[in-house]
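> Before anything else, here's the structure in question.
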Amino acid sequence: MVVSPFRIGTKRVFLPHHMITFLRPRGNQPPHFAIFKVPLKFNKLDLRDYLLHAYNVPVTGVRSQLRQQRPRRSKVHGRIYRPPPVKTMTVELTKAFVWPERPADVSAWNTPQLVKQHKSRTNNEKWHRKLQKKGTIPLRDEMGASFERKSLRKEAKRLLAEGGWKNDRVSDVRFTEGKAKNSE
């Protein structure tokens with residue numbers, strides 16, 4: 001157990017219901033400072049006790065900031081509202097913490113599915129930017145056939161050329177020949 005220079009809280013938390021995010025430092029931030037994104041209900045003592053008990057990291061000081069978010073338009077009602085603020089806390093550490101360098105080769109994290117998803121997202125964003133500049137939504141004839149429509153058309157042509165569709169299952173006679181004859 002760590003001996004702390006301050007009085008430790010008596011509240012015991014085994015499975016916390018909050019999420020604390022350790023943020024990368026800004027450009028010229030000294031290594032003795034760390035920034036955390038915390039829930040709005042969190043206070044300085046909560047973060048200090050959390051770091052001490054969960055990670056055995058003593059803290060000399062905590063500063064909290066609330067960053068207001070920009071007003072947004074509701075997608076449901078169309079009304080303008082302000083989202084809740086984001087609370088960050090800057091902690092002064094007793095020992096310096098230096099973030100590791102970002103890896104140069106990220107191919108281990110880029111699975112084919114993620115690459116495909118990223119490509120789809122960038123194409124979608126490009127299409128939306130083009131729409132915003134133009135100001136009108138193009139007609140279906142102007143857009144051309146989608147990939148799904150082209151692949152469906154290709155599959156239908158293949159099925160028509162081969163003459164039928166089979167799924168390698170044995171069907172019940174009642175469904176292939178109509179009504180089954182009653183045995184007399």
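If you're wondering about the labels, chains in the structure tokens are A, B, ... by order shown, residues count from 1 in each chain, ligands from 1 in order shown.
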Would you return as a list in words the members of region 50-146 of chain A that DSSP assigns to strand (DSSP E) on this structure's backbone?

Val59, Thr60, Gly61, Val62, Arg63, Ser64, Gln65, Leu66, Arg67, Arg72, Arg73, Ile80, Tyr81, Val86, Lys87, Thr88, Met89, Thr90, Val91, Glu92 and Leu93 of chain A

> Can those selected residues be exported to a file as a PDB file, in the first residue's frame so that it contains N, CA and C atoms?


ATOM      1  N   VAL A  59       0.268  12.320  -6.944  1.00  0.00           N
ATOM      2  CA  VAL A  59      -0.007  13.566  -7.661  1.00  0.00           C
ATOM      3  C   VAL A  59       0.239  14.734  -6.725  1.00  0.00           C
ATOM      4  N   THR A  60       0.876  15.807  -7.221  1.00  0.00           N
ATOM      5  CA  THR A  60       1.114  16.978  -6.375  1.00  0.00           C
ATOM      6  C   THR A  60       0.042  18.056  -6.544  1.00  0.00           C
ATOM      7  N   GLY A  61      -0.618  18.112  -7.698  1.00  0.00           N
ATOM      8  CA  GLY A  61      -1.654  19.121  -7.897  1.00  0.00           C
ATOM      9  C   GLY A  61      -2.571  18.748  -9.050  1.00  0.00           C
ATOM     10  N   VAL A  62      -3.815  19.255  -8.960  1.00  0.00           N
ATOM     11  CA  VAL A  62      -4.806  18.978  -9.993  1.00  0.00           C
ATOM     12  C   VAL A  62      -5.501  20.282 -10.363  1.00  0.00           C
ATOM     13  N   ARG A  63      -5.632  20.537 -11.657  1.00  0.00           N
ATOM     14  CA  ARG A  63      -6.382  21.699 -12.146  1.00  0.00           C
ATOM     15  C   ARG A  63      -7.486  21.191 -13.058  1.00  0.00           C
ATOM     16  N   SER A  64      -8.661  21.773 -12.925  1.00  0.00           N
ATOM     17  CA  SER A  64      -9.777  21.312 -13.766  1.00  0.00           C
ATOM     18  C   SER A  64     -10.235  22.436 -14.687  1.00  0.00           C
ATOM     19  N   GLN A  65     -10.686  22.041 -15.878  1.00  0.00           N
ATOM     20  CA  GLN A  65     -11.182  22.994 -16.869  1.00  0.00           C
ATOM     21  C   GLN A  65     -12.466  22.448 -17.473  1.00  0.00           C
ATOM     22  N   LEU A  66     -13.393  23.340 -17.759  1.00  0.00           N
ATOM     23  CA  LEU A  66     -14.609  23.000 -18.495  1.00  0.00           C
ATOM     24  C   LEU A  66     -14.542  23.696 -19.847  1.00  0.00           C
ATOM     25  N   ARG A  67     -14.661  22.907 -20.915  1.00  0.00           N
ATOM     26  CA  ARG A  67     -14.615  23.479 -22.260  1.00  0.00           C
ATOM     27  C   ARG A  67     -16.011  23.398 -22.867  1.00  0.00           C
ATOM     28  N   ARG A  72     -25.214  23.232 -31.592  1.00  0.00           N
ATOM     29  CA  ARG A  72     -25.487  22.342 -32.734  1.00  0.00           C
ATOM     30  C   ARG A  72     -26.966  22.336 -33.025  1.00  0.00           C
ATOM     31  N   ARG A  73     -27.296  21.884 -34.217  1.00  0.00           N
ATOM     32  CA  ARG A  73     -28.689  21.747 -34.610  1.00  0.00           C
ATOM     33  C   ARG A  73     -29.114  20.304 -34.402  1.00  0.00           C
ATOM     34  N   ILE A  80     -31.782  24.379 -32.218  1.00  0.00           N
ATOM     35  CA  ILE A  80     -30.388  24.598 -31.859  1.00  0.00           C
ATOM     36  C   ILE A  80     -30.249  24.361 -30.362  1.00  0.00           C
ATOM     37  N   TYR A  81     -29.226  23.587 -29.989  1.00  0.00           N
ATOM     38  CA  TYR A  81     -28.986  23.299 -28.579  1.00  0.00           C
ATOM     39  C   TYR A  81     -27.478  23.292 -28.344  1.00  0.00           C
ATOM     40  N   VAL A  86     -17.175  19.625 -21.959  1.00  0.00           N
ATOM     41  CA  VAL A  86     -16.186  18.568 -21.774  1.00  0.00           C
ATOM     42  C   VAL A  86     -15.278  18.994 -20.633  1.00  0.00           C
ATOM     43  N   LYS A  87     -15.110  18.107 -19.645  1.00  0.00           N
ATOM     44  CA  LYS A  87     -14.283  18.435 -18.485  1.00  0.00           C
ATOM     45  C   LYS A  87     -12.931  17.753 -18.627  1.00  0.00           C
ATOM     46  N   THR A  88     -11.874  18.538 -18.544  1.00  0.00           N
ATOM     47  CA  THR A  88     -10.526  17.995 -18.554  1.00  0.00           C
ATOM     48  C   THR A  88      -9.826  18.408 -17.270  1.00  0.00           C
ATOM     49  N   MET A  89      -8.918  17.554 -16.822  1.00  0.00           N
ATOM     50  CA  MET A  89      -8.130  17.867 -15.634  1.00  0.00           C
ATOM     51  C   MET A  89      -6.658  17.710 -15.965  1.00  0.00           C
ATOM     52  N   THR A  90      -5.884  18.714 -15.597  1.00  0.00           N
ATOM     53  CA  THR A  90      -4.443  18.681 -15.769  1.00  0.00           C
ATOM     54  C   THR A  90      -3.827  18.315 -14.433  1.00  0.00           C
ATOM     55  N   VAL A  91      -3.022  17.268 -14.432  1.00  0.00           N
ATOM     56  CA  VAL A  91      -2.452  16.727 -13.201  1.00  0.00           C
ATOM     57  C   VAL A  91      -0.949  16.958 -13.215  1.00  0.00           C
ATOM     58  N   GLU A  92      -0.413  17.413 -12.077  1.00  0.00           N
ATOM     59  CA  GLU A  92       1.028  17.572 -11.947  1.00  0.00           C
ATOM     60  C   GLU A  92       1.572  16.314 -11.270  1.00  0.00           C
ATOM     61  N   LEU A  93       2.415  15.601 -11.976  1.00  0.00           N
ATOM     62  CA  LEU A  93       2.953  14.327 -11.500  1.00  0.00           C
ATOM     63  C   LEU A  93       4.261  14.536 -10.741  1.00  0.00           C
TER      64      LEU A  93
END

> For Phe97 (chain A), work out the shell of residues within 12 Å, counting only C-alpha atoms and skipping chain neighbours fewer than 2 positions away, then give it as a PyMOL selection string.

chain A and resi 22+24-25+29-35+57+91-95+99-100

> When DSSP works through the backbone of this structure, what residues of region 3-168 of chain A end up as helix (DSSP H, G or I), shown as a PDB file with N, CA, C and O atoms, in the first residue's frame?


ATOM      1  N   LYS A  44     -11.543  17.085  -8.199  1.00  0.00           N
ATOM      2  CA  LYS A  44     -10.094  16.943  -8.123  1.00  0.00           C
ATOM      3  C   LYS A  44      -9.684  15.809  -7.190  1.00  0.00           C
ATOM      4  O   LYS A  44      -8.747  15.060  -7.473  1.00  0.00           O
ATOM      5  N   LEU A  45     -10.396  15.674  -6.083  1.00  0.00           N
ATOM      6  CA  LEU A  45     -10.052  14.621  -5.128  1.00  0.00           C
ATOM      7  C   LEU A  45     -10.324  13.235  -5.699  1.00  0.00           C
ATOM      8  O   LEU A  45      -9.578  12.293  -5.440  1.00  0.00           O
ATOM      9  N   ASP A  46     -11.400  13.114  -6.479  1.00  0.00           N
ATOM     10  CA  ASP A  46     -11.710  11.824  -7.113  1.00  0.00           C
ATOM     11  C   ASP A  46     -10.585  11.389  -8.044  1.00  0.00           C
ATOM     12  O   ASP A  46     -10.160  10.230  -8.024  1.00  0.00           O
ATOM     13  N   LEU A  47     -10.104  12.303  -8.871  1.00  0.00           N
ATOM     14  CA  LEU A  47      -9.039  11.956  -9.813  1.00  0.00           C
ATOM     15  C   LEU A  47      -7.749  11.642  -9.069  1.00  0.00           C
ATOM     16  O   LEU A  47      -7.051  10.679  -9.415  1.00  0.00           O
ATOM     17  N   ARG A  48      -7.437  12.415  -8.053  1.00  0.00           N
ATOM     18  CA  ARG A  48      -6.223  12.172  -7.279  1.00  0.00           C
ATOM     19  C   ARG A  48      -6.258  10.786  -6.626  1.00  0.00           C
ATOM     20  O   ARG A  48      -5.304  10.007  -6.714  1.00  0.00           O
ATOM     21  N   ASP A  49      -7.392  10.439  -5.995  1.00  0.00           N
ATOM     22  CA  ASP A  49      -7.525   9.123  -5.357  1.00  0.00           C
ATOM     23  C   ASP A  49      -7.520   8.004  -6.393  1.00  0.00           C
ATOM     24  O   ASP A  49      -6.946   6.940  -6.167  1.00  0.00           O
ATOM     25  N   TYR A  50      -8.153   8.246  -7.541  1.00  0.00           N
ATOM     26  CA  TYR A  50      -8.198   7.238  -8.603  1.00  0.00           C
ATOM     27  C   TYR A  50      -6.792   6.906  -9.094  1.00  0.00           C
ATOM     28  O   TYR A  50      -6.422   5.740  -9.215  1.00  0.00           O
ATOM     29  N   LEU A  51      -5.982   7.936  -9.378  1.00  0.00           N
ATOM     30  CA  LEU A  51      -4.624   7.697  -9.863  1.00  0.00           C
ATOM     31  C   LEU A  51      -3.752   7.026  -8.816  1.00  0.00           C
ATOM     32  O   LEU A  51      -2.926   6.173  -9.135  1.00  0.00           O
ATOM     33  N   LEU A  52      -3.959   7.376  -7.559  1.00  0.00           N
ATOM     34  CA  LEU A  52      -3.159   6.784  -6.496  1.00  0.00           C
ATOM     35  C   LEU A  52      -3.509   5.316  -6.278  1.00  0.00           C
ATOM     36  O   LEU A  52      -2.631   4.465  -6.186  1.00  0.00           O
ATOM     37  N   HIS A  53      -4.802   5.001  -6.226  1.00  0.00           N
ATOM     38  CA  HIS A  53      -5.206   3.631  -5.920  1.00  0.00           C
ATOM     39  C   HIS A  53      -5.150   2.700  -7.131  1.00  0.00           C
ATOM     40  O   HIS A  53      -4.778   1.535  -7.001  1.00  0.00           O
ATOM     41  N   ALA A  54      -5.522   3.180  -8.294  1.00  0.00           N
ATOM     42  CA  ALA A  54      -5.569   2.311  -9.462  1.00  0.00           C
ATOM     43  C   ALA A  54      -4.191   2.115 -10.089  1.00  0.00           C
ATOM     44  O   ALA A  54      -3.863   1.008 -10.522  1.00  0.00           O
ATOM     45  N   TYR A  55      -3.373   3.169 -10.141  1.00  0.00           N
ATOM     46  CA  TYR A  55      -2.102   3.091 -10.858  1.00  0.00           C
ATOM     47  C   TYR A  55      -0.883   3.359  -9.976  1.00  0.00           C
ATOM     48  O   TYR A  55       0.231   3.362 -10.481  1.00  0.00           O
ATOM     49  N   PRO A 112      -7.868  -5.389 -43.374  1.00  0.00           N
ATOM     50  CA  PRO A 112      -8.540  -5.084 -44.653  1.00  0.00           C
ATOM     51  C   PRO A 112      -9.928  -4.473 -44.455  1.00  0.00           C
ATOM     52  O   PRO A 112     -10.340  -3.604 -45.214  1.00  0.00           O
ATOM     53  N   GLN A 113     -10.626  -4.906 -43.405  1.00  0.00           N
ATOM     54  CA  GLN A 113     -11.952  -4.350 -43.151  1.00  0.00           C
ATOM     55  C   GLN A 113     -11.865  -2.874 -42.781  1.00  0.00           C
ATOM     56  O   GLN A 113     -12.663  -2.056 -43.245  1.00  0.00           O
ATOM     57  N   LEU A 114     -10.876  -2.505 -41.954  1.00  0.00           N
ATOM     58  CA  LEU A 114     -10.713  -1.098 -41.575  1.00  0.00           C
ATOM     59  C   LEU A 114     -10.305  -0.240 -42.769  1.00  0.00           C
ATOM     60  O   LEU A 114     -10.748   0.897 -42.904  1.00  0.00           O
ATOM     61  N   VAL A 115      -9.458  -0.783 -43.636  1.00  0.00           N
ATOM     62  CA  VAL A 115      -9.039  -0.043 -44.830  1.00  0.00           C
ATOM     63  C   VAL A 115     -10.249   0.197 -45.730  1.00  0.00           C
ATOM     64  O   VAL A 115     -10.450   1.307 -46.242  1.00  0.00           O
ATOM     65  N   LYS A 116     -11.078  -0.835 -45.910  1.00  0.00           N
ATOM     66  CA  LYS A 116     -12.275  -0.706 -46.741  1.00  0.00           C
ATOM     67  C   LYS A 116     -13.251   0.306 -46.127  1.00  0.00           C
ATOM     68  O   LYS A 116     -13.838   1.133 -46.829  1.00  0.00           O
ATOM     69  N   GLN A 117     -13.386   0.259 -44.799  1.00  0.00           N
ATOM     70  CA  GLN A 117     -14.283   1.186 -44.107  1.00  0.00           C
ATOM     71  C   GLN A 117     -13.777   2.632 -44.259  1.00  0.00           C
ATOM     72  O   GLN A 117     -14.562   3.549 -44.491  1.00  0.00           O
ATOM     73  N   HIS A 118     -12.471   2.820 -44.131  1.00  0.00           N
ATOM     74  CA  HIS A 118     -11.892   4.157 -44.272  1.00  0.00           C
ATOM     75  C   HIS A 118     -12.083   4.685 -45.686  1.00  0.00           C
ATOM     76  O   HIS A 118     -12.430   5.855 -45.885  1.00  0.00           O
ATOM     77  N   LYS A 119     -11.887   3.817 -46.673  1.00  0.00           N
ATOM     78  CA  LYS A 119     -12.064   4.220 -48.068  1.00  0.00           C
ATOM     79  C   LYS A 119     -13.514   4.612 -48.335  1.00  0.00           C
ATOM     80  O   LYS A 119     -13.796   5.628 -48.978  1.00  0.00           O
ATOM     81  N   SER A 120     -14.448   3.825 -47.793  1.00  0.00           N
ATOM     82  CA  SER A 120     -15.867   4.128 -47.960  1.00  0.00           C
ATOM     83  C   SER A 120     -16.227   5.460 -47.301  1.00  0.00           C
ATOM     84  O   SER A 120     -16.967   6.269 -47.867  1.00  0.00           O
ATOM     85  N   ARG A 121     -15.683   5.697 -46.106  1.00  0.00           N
ATOM     86  CA  ARG A 121     -15.967   6.940 -45.394  1.00  0.00           C
ATOM     87  C   ARG A 121     -15.425   8.152 -46.148  1.00  0.00           C
ATOM     88  O   ARG A 121     -16.099   9.173 -46.273  1.00  0.00           O
ATOM     89  N   THR A 122     -14.196   8.038 -46.672  1.00  0.00           N
ATOM     90  CA  THR A 122     -13.626   9.176 -47.401  1.00  0.00           C
ATOM     91  C   THR A 122     -14.401   9.448 -48.688  1.00  0.00           C
ATOM     92  O   THR A 122     -14.611  10.613 -49.039  1.00  0.00           O
ATOM     93  N   ASN A 123     -14.834   8.381 -49.380  1.00  0.00           N
ATOM     94  CA  ASN A 123     -15.653   8.583 -50.583  1.00  0.00           C
ATOM     95  C   ASN A 123     -16.975   9.255 -50.244  1.00  0.00           C
ATOM     96  O   ASN A 123     -17.446  10.139 -50.974  1.00  0.00           O
ATOM     97  N   ASN A 124     -17.574   8.848 -49.130  1.00  0.00           N
ATOM     98  CA  ASN A 124     -18.841   9.436 -48.698  1.00  0.00           C
ATOM     99  C   ASN A 124     -18.666  10.915 -48.336  1.00  0.00           C
ATOM    100  O   ASN A 124     -19.492  11.761 -48.696  1.00  0.00           O
ATOM    101  N   GLU A 125     -17.577  11.237 -47.628  1.00  0.00           N
ATOM    102  CA  GLU A 125     -17.307  12.632 -47.267  1.00  0.00           C
ATOM    103  C   GLU A 125     -17.053  13.480 -48.520  1.00  0.00           C
ATOM    104  O   GLU A 125     -17.502  14.623 -48.604  1.00  0.00           O
ATOM    105  N   LYS A 126     -16.336  12.920 -49.482  1.00  0.00           N
ATOM    106  CA  LYS A 126     -16.070  13.627 -50.732  1.00  0.00           C
ATOM    107  C   LYS A 126     -17.384  13.911 -51.463  1.00  0.00           C
ATOM    108  O   LYS A 126     -17.596  15.007 -51.987  1.00  0.00           O
ATOM    109  N   TRP A 127     -18.264  12.919 -51.487  1.00  0.00           N
ATOM    110  CA  TRP A 127     -19.558  13.081 -52.149  1.00  0.00           C
ATOM    111  C   TRP A 127     -20.390  14.156 -51.457  1.00  0.00           C
ATOM    112  O   TRP A 127     -21.013  14.995 -52.112  1.00  0.00           O
ATOM    113  N   HIS A 128     -20.372  14.195 -50.106  1.00  0.00           N
ATOM    114  CA  HIS A 128     -21.130  15.211 -49.368  1.00  0.00           C
ATOM    115  C   HIS A 128     -20.566  16.613 -49.604  1.00  0.00           C
ATOM    116  O   HIS A 128     -21.335  17.577 -49.729  1.00  0.00           O
ATOM    117  N   ARG A 129     -19.224  16.738 -49.652  1.00  0.00           N
ATOM    118  CA  ARG A 129     -18.633  18.038 -49.931  1.00  0.00           C
ATOM    119  C   ARG A 129     -19.020  18.533 -51.323  1.00  0.00           C
ATOM    120  O   ARG A 129     -19.313  19.708 -51.523  1.00  0.00           O
ATOM    121  N   LYS A 130     -19.034  17.605 -52.272  1.00  0.00           N
ATOM    122  CA  LYS A 130     -19.435  17.942 -53.639  1.00  0.00           C
ATOM    123  C   LYS A 130     -20.890  18.407 -53.666  1.00  0.00           C
ATOM    124  O   LYS A 130     -21.242  19.371 -54.354  1.00  0.00           O
ATOM    125  N   LEU A 131     -21.745  17.726 -52.892  1.00  0.00           N
ATOM    126  CA  LEU A 131     -23.157  18.123 -52.807  1.00  0.00           C
ATOM    127  C   LEU A 131     -23.313  19.510 -52.205  1.00  0.00           C
ATOM    128  O   LEU A 131     -24.133  20.306 -52.654  1.00  0.00           O
ATOM    129  N   GLN A 132     -22.532  19.802 -51.162  1.00  0.00           N
ATOM    130  CA  GLN A 132     -22.636  21.102 -50.512  1.00  0.00           C
ATOM    131  C   GLN A 132     -22.210  22.228 -51.453  1.00  0.00           C
ATOM    132  O   GLN A 132     -22.794  23.299 -51.460  1.00  0.00           O
ATOM    133  N   LYS A 133     -21.185  21.980 -52.245  1.00  0.00           N
ATOM    134  CA  LYS A 133     -20.743  23.012 -53.194  1.00  0.00           C
ATOM    135  C   LYS A 133     -21.781  23.237 -54.282  1.00  0.00           C
ATOM    136  O   LYS A 133     -22.065  24.365 -54.662  1.00  0.00           O
ATOM    137  N   LYS A 134     -22.341  22.121 -54.779  1.00  0.00           N
ATOM    138  CA  LYS A 134     -23.307  22.210 -55.873  1.00  0.00           C
ATOM    139  C   LYS A 134     -24.641  22.765 -55.383  1.00  0.00           C
ATOM    140  O   LYS A 134     -25.285  23.549 -56.072  1.00  0.00           O
ATOM    141  N   ARG A 140     -31.036  10.068 -59.745  1.00  0.00           N
ATOM    142  CA  ARG A 140     -30.485   8.732 -59.798  1.00  0.00           C
ATOM    143  C   ARG A 140     -29.803   8.474 -61.147  1.00  0.00           C
ATOM    144  O   ARG A 140     -28.777   7.806 -61.219  1.00  0.00           O
ATOM    145  N   ASP A 141     -30.364   9.013 -62.228  1.00  0.00           N
ATOM    146  CA  ASP A 141     -29.767   8.827 -63.545  1.00  0.00           C
ATOM    147  C   ASP A 141     -28.418   9.538 -63.659  1.00  0.00           C
ATOM    148  O   ASP A 141     -27.515   9.071 -64.350  1.00  0.00           O
ATOM    149  N   GLU A 142     -28.275  10.668 -62.972  1.00  0.00           N
ATOM    150  CA  GLU A 142     -27.019  11.410 -63.011  1.00  0.00           C
ATOM    151  C   GLU A 142     -25.921  10.726 -62.197  1.00  0.00           C
ATOM    152  O   GLU A 142     -24.748  10.849 -62.502  1.00  0.00           O
ATOM    153  N   MET A 143     -26.332  10.007 -61.150  1.00  0.00           N
ATOM    154  CA  MET A 143     -25.355   9.365 -60.266  1.00  0.00           C
ATOM    155  C   MET A 143     -24.759   8.110 -60.882  1.00  0.00           C
ATOM    156  O   MET A 143     -23.635   7.730 -60.574  1.00  0.00           O
ATOM    157  N   PHE A 147     -22.466   0.203 -56.788  1.00  0.00           N
ATOM    158  CA  PHE A 147     -21.748  -1.072 -56.829  1.00  0.00           C
ATOM    159  C   PHE A 147     -22.696  -2.237 -56.554  1.00  0.00           C
ATOM    160  O   PHE A 147     -22.625  -3.282 -57.208  1.00  0.00           O
ATOM    161  N   GLU A 148     -23.607  -2.067 -55.577  1.00  0.00           N
ATOM    162  CA  GLU A 148     -24.552  -3.126 -55.241  1.00  0.00           C
ATOM    163  C   GLU A 148     -25.466  -3.446 -56.424  1.00  0.00           C
ATOM    164  O   GLU A 148     -25.736  -4.601 -56.721  1.00  0.00           O
ATOM    165  N   ARG A 149     -25.936  -2.386 -57.101  1.00  0.00           N
ATOM    166  CA  ARG A 149     -26.830  -2.591 -58.245  1.00  0.00           C
ATOM    167  C   ARG A 149     -26.099  -3.301 -59.383  1.00  0.00           C
ATOM    168  O   ARG A 149     -26.640  -4.198 -60.030  1.00  0.00           O
ATOM    169  N   LYS A 150     -24.840  -2.928 -59.621  1.00  0.00           N
ATOM    170  CA  LYS A 150     -24.060  -3.573 -60.675  1.00  0.00           C
ATOM    171  C   LYS A 150     -23.825  -5.045 -60.360  1.00  0.00           C
ATOM    172  O   LYS A 150     -23.944  -5.903 -61.232  1.00  0.00           O
ATOM    173  N   SER A 151     -23.486  -5.351 -59.113  1.00  0.00           N
ATOM    174  CA  SER A 151     -23.228  -6.746 -58.751  1.00  0.00           C
ATOM    175  C   SER A 151     -24.511  -7.575 -58.813  1.00  0.00           C
ATOM    176  O   SER A 151     -24.486  -8.745 -59.215  1.00  0.00           O
ATOM    177  N   LEU A 152     -25.654  -6.990 -58.443  1.00  0.00           N
ATOM    178  CA  LEU A 152     -26.932  -7.694 -58.525  1.00  0.00           C
ATOM    179  C   LEU A 152     -27.299  -7.973 -59.990  1.00  0.00           C
ATOM    180  O   LEU A 152     -27.772  -9.065 -60.324  1.00  0.00           O
ATOM    181  N   ARG A 153     -27.063  -6.998 -60.867  1.00  0.00           N
ATOM    182  CA  ARG A 153     -27.339  -7.182 -62.294  1.00  0.00           C
ATOM    183  C   ARG A 153     -26.458  -8.294 -62.879  1.00  0.00           C
ATOM    184  O   ARG A 153     -26.914  -9.146 -63.643  1.00  0.00           O
ATOM    185  N   LYS A 154     -25.198  -8.310 -62.491  1.00  0.00           N
ATOM    186  CA  LYS A 154     -24.263  -9.331 -62.971  1.00  0.00           C
ATOM    187  C   LYS A 154     -24.706 -10.729 -62.504  1.00  0.00           C
ATOM    188  O   LYS A 154     -24.681 -11.688 -63.284  1.00  0.00           O
ATOM    189  N   GLU A 155     -25.128 -10.841 -61.250  1.00  0.00           N
ATOM    190  CA  GLU A 155     -25.594 -12.126 -60.710  1.00  0.00           C
ATOM    191  C   GLU A 155     -26.868 -12.579 -61.411  1.00  0.00           C
ATOM    192  O   GLU A 155     -27.031 -13.766 -61.705  1.00  0.00           O
ATOM    193  N   ALA A 156     -27.771 -11.659 -61.722  1.00  0.00           N
ATOM    194  CA  ALA A 156     -29.015 -12.017 -62.413  1.00  0.00           C
ATOM    195  C   ALA A 156     -28.718 -12.511 -63.827  1.00  0.00           C
ATOM    196  O   ALA A 156     -29.312 -13.502 -64.280  1.00  0.00           O
ATOM    197  N   LYS A 157     -27.784 -11.878 -64.530  1.00  0.00           N
ATOM    198  CA  LYS A 157     -27.413 -12.344 -65.862  1.00  0.00           C
ATOM    199  C   LYS A 157     -26.808 -13.737 -65.817  1.00  0.00           C
ATOM    200  O   LYS A 157     -27.083 -14.585 -66.664  1.00  0.00           O
ATOM    201  N   ARG A 158     -25.986 -13.968 -64.803  1.00  0.00           N
ATOM    202  CA  ARG A 158     -25.377 -15.291 -64.667  1.00  0.00           C
ATOM    203  C   ARG A 158     -26.428 -16.358 -64.419  1.00  0.00           C
ATOM    204  O   ARG A 158     -26.406 -17.430 -65.024  1.00  0.00           O
ATOM    205  N   LEU A 159     -27.415 -16.060 -63.575  1.00  0.00           N
ATOM    206  CA  LEU A 159     -28.468 -17.031 -63.274  1.00  0.00           C
ATOM    207  C   LEU A 159     -29.334 -17.305 -64.498  1.00  0.00           C
ATOM    208  O   LEU A 159     -29.743 -18.442 -64.737  1.00  0.00           O
ATOM    209  N   LEU A 160     -29.620 -16.274 -65.296  1.00  0.00           N
ATOM    210  CA  LEU A 160     -30.419 -16.470 -66.508  1.00  0.00           C
ATOM    211  C   LEU A 160     -29.658 -17.311 -67.541  1.00  0.00           C
ATOM    212  O   LEU A 160     -30.247 -18.128 -68.246  1.00  0.00           O
ATOM    213  N   ALA A 161     -28.356 -17.120 -67.627  1.00  0.00           N
ATOM    214  CA  ALA A 161     -27.555 -17.871 -68.590  1.00  0.00           C
ATOM    215  C   ALA A 161     -27.440 -19.343 -68.192  1.00  0.00           C
ATOM    216  O   ALA A 161     -27.497 -20.231 -69.033  1.00  0.00           O
ATOM    217  N   GLU A 162     -27.285 -19.612 -66.911  1.00  0.00           N
ATOM    218  CA  GLU A 162     -27.136 -20.989 -66.444  1.00  0.00           C
ATOM    219  C   GLU A 162     -28.471 -21.725 -66.404  1.00  0.00           C
ATOM    220  O   GLU A 162     -28.506 -22.942 -66.418  1.00  0.00           O
TER     221      GLU A 162
END

> Would you work out the distance separating CA of Arg102 (chain A) from CA of Lys37 (chain A), expressed in Å to one decimal?

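Separation between CA of Arg102 (chain A) and CA of Lys37 (chain A): 20.6 Å.
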
> Could you tell me which of A:Val38, A:Leu139, A:Val106, A:Val98 comes closest to Met19 (chain A) if we count only C-alpha atoms?

A:Val38

> Between CA of Ile137 (chain A) and CA of Arg82 (chain A), what is the distance in Å, rounded to a tenth?

29.1 Å

> Identify which of the residues A:Gly78, A:Pro138, A:Pro58, A:Pro39 lies closest to His17 (chain A), counting only C-alpha atoms when measuring atom-to-atom distances.

A:Pro39

> CA of Asn56 (chain A) and CA of Phe6 (chain A), how far apart in Å?

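The value is 14.2 Å.
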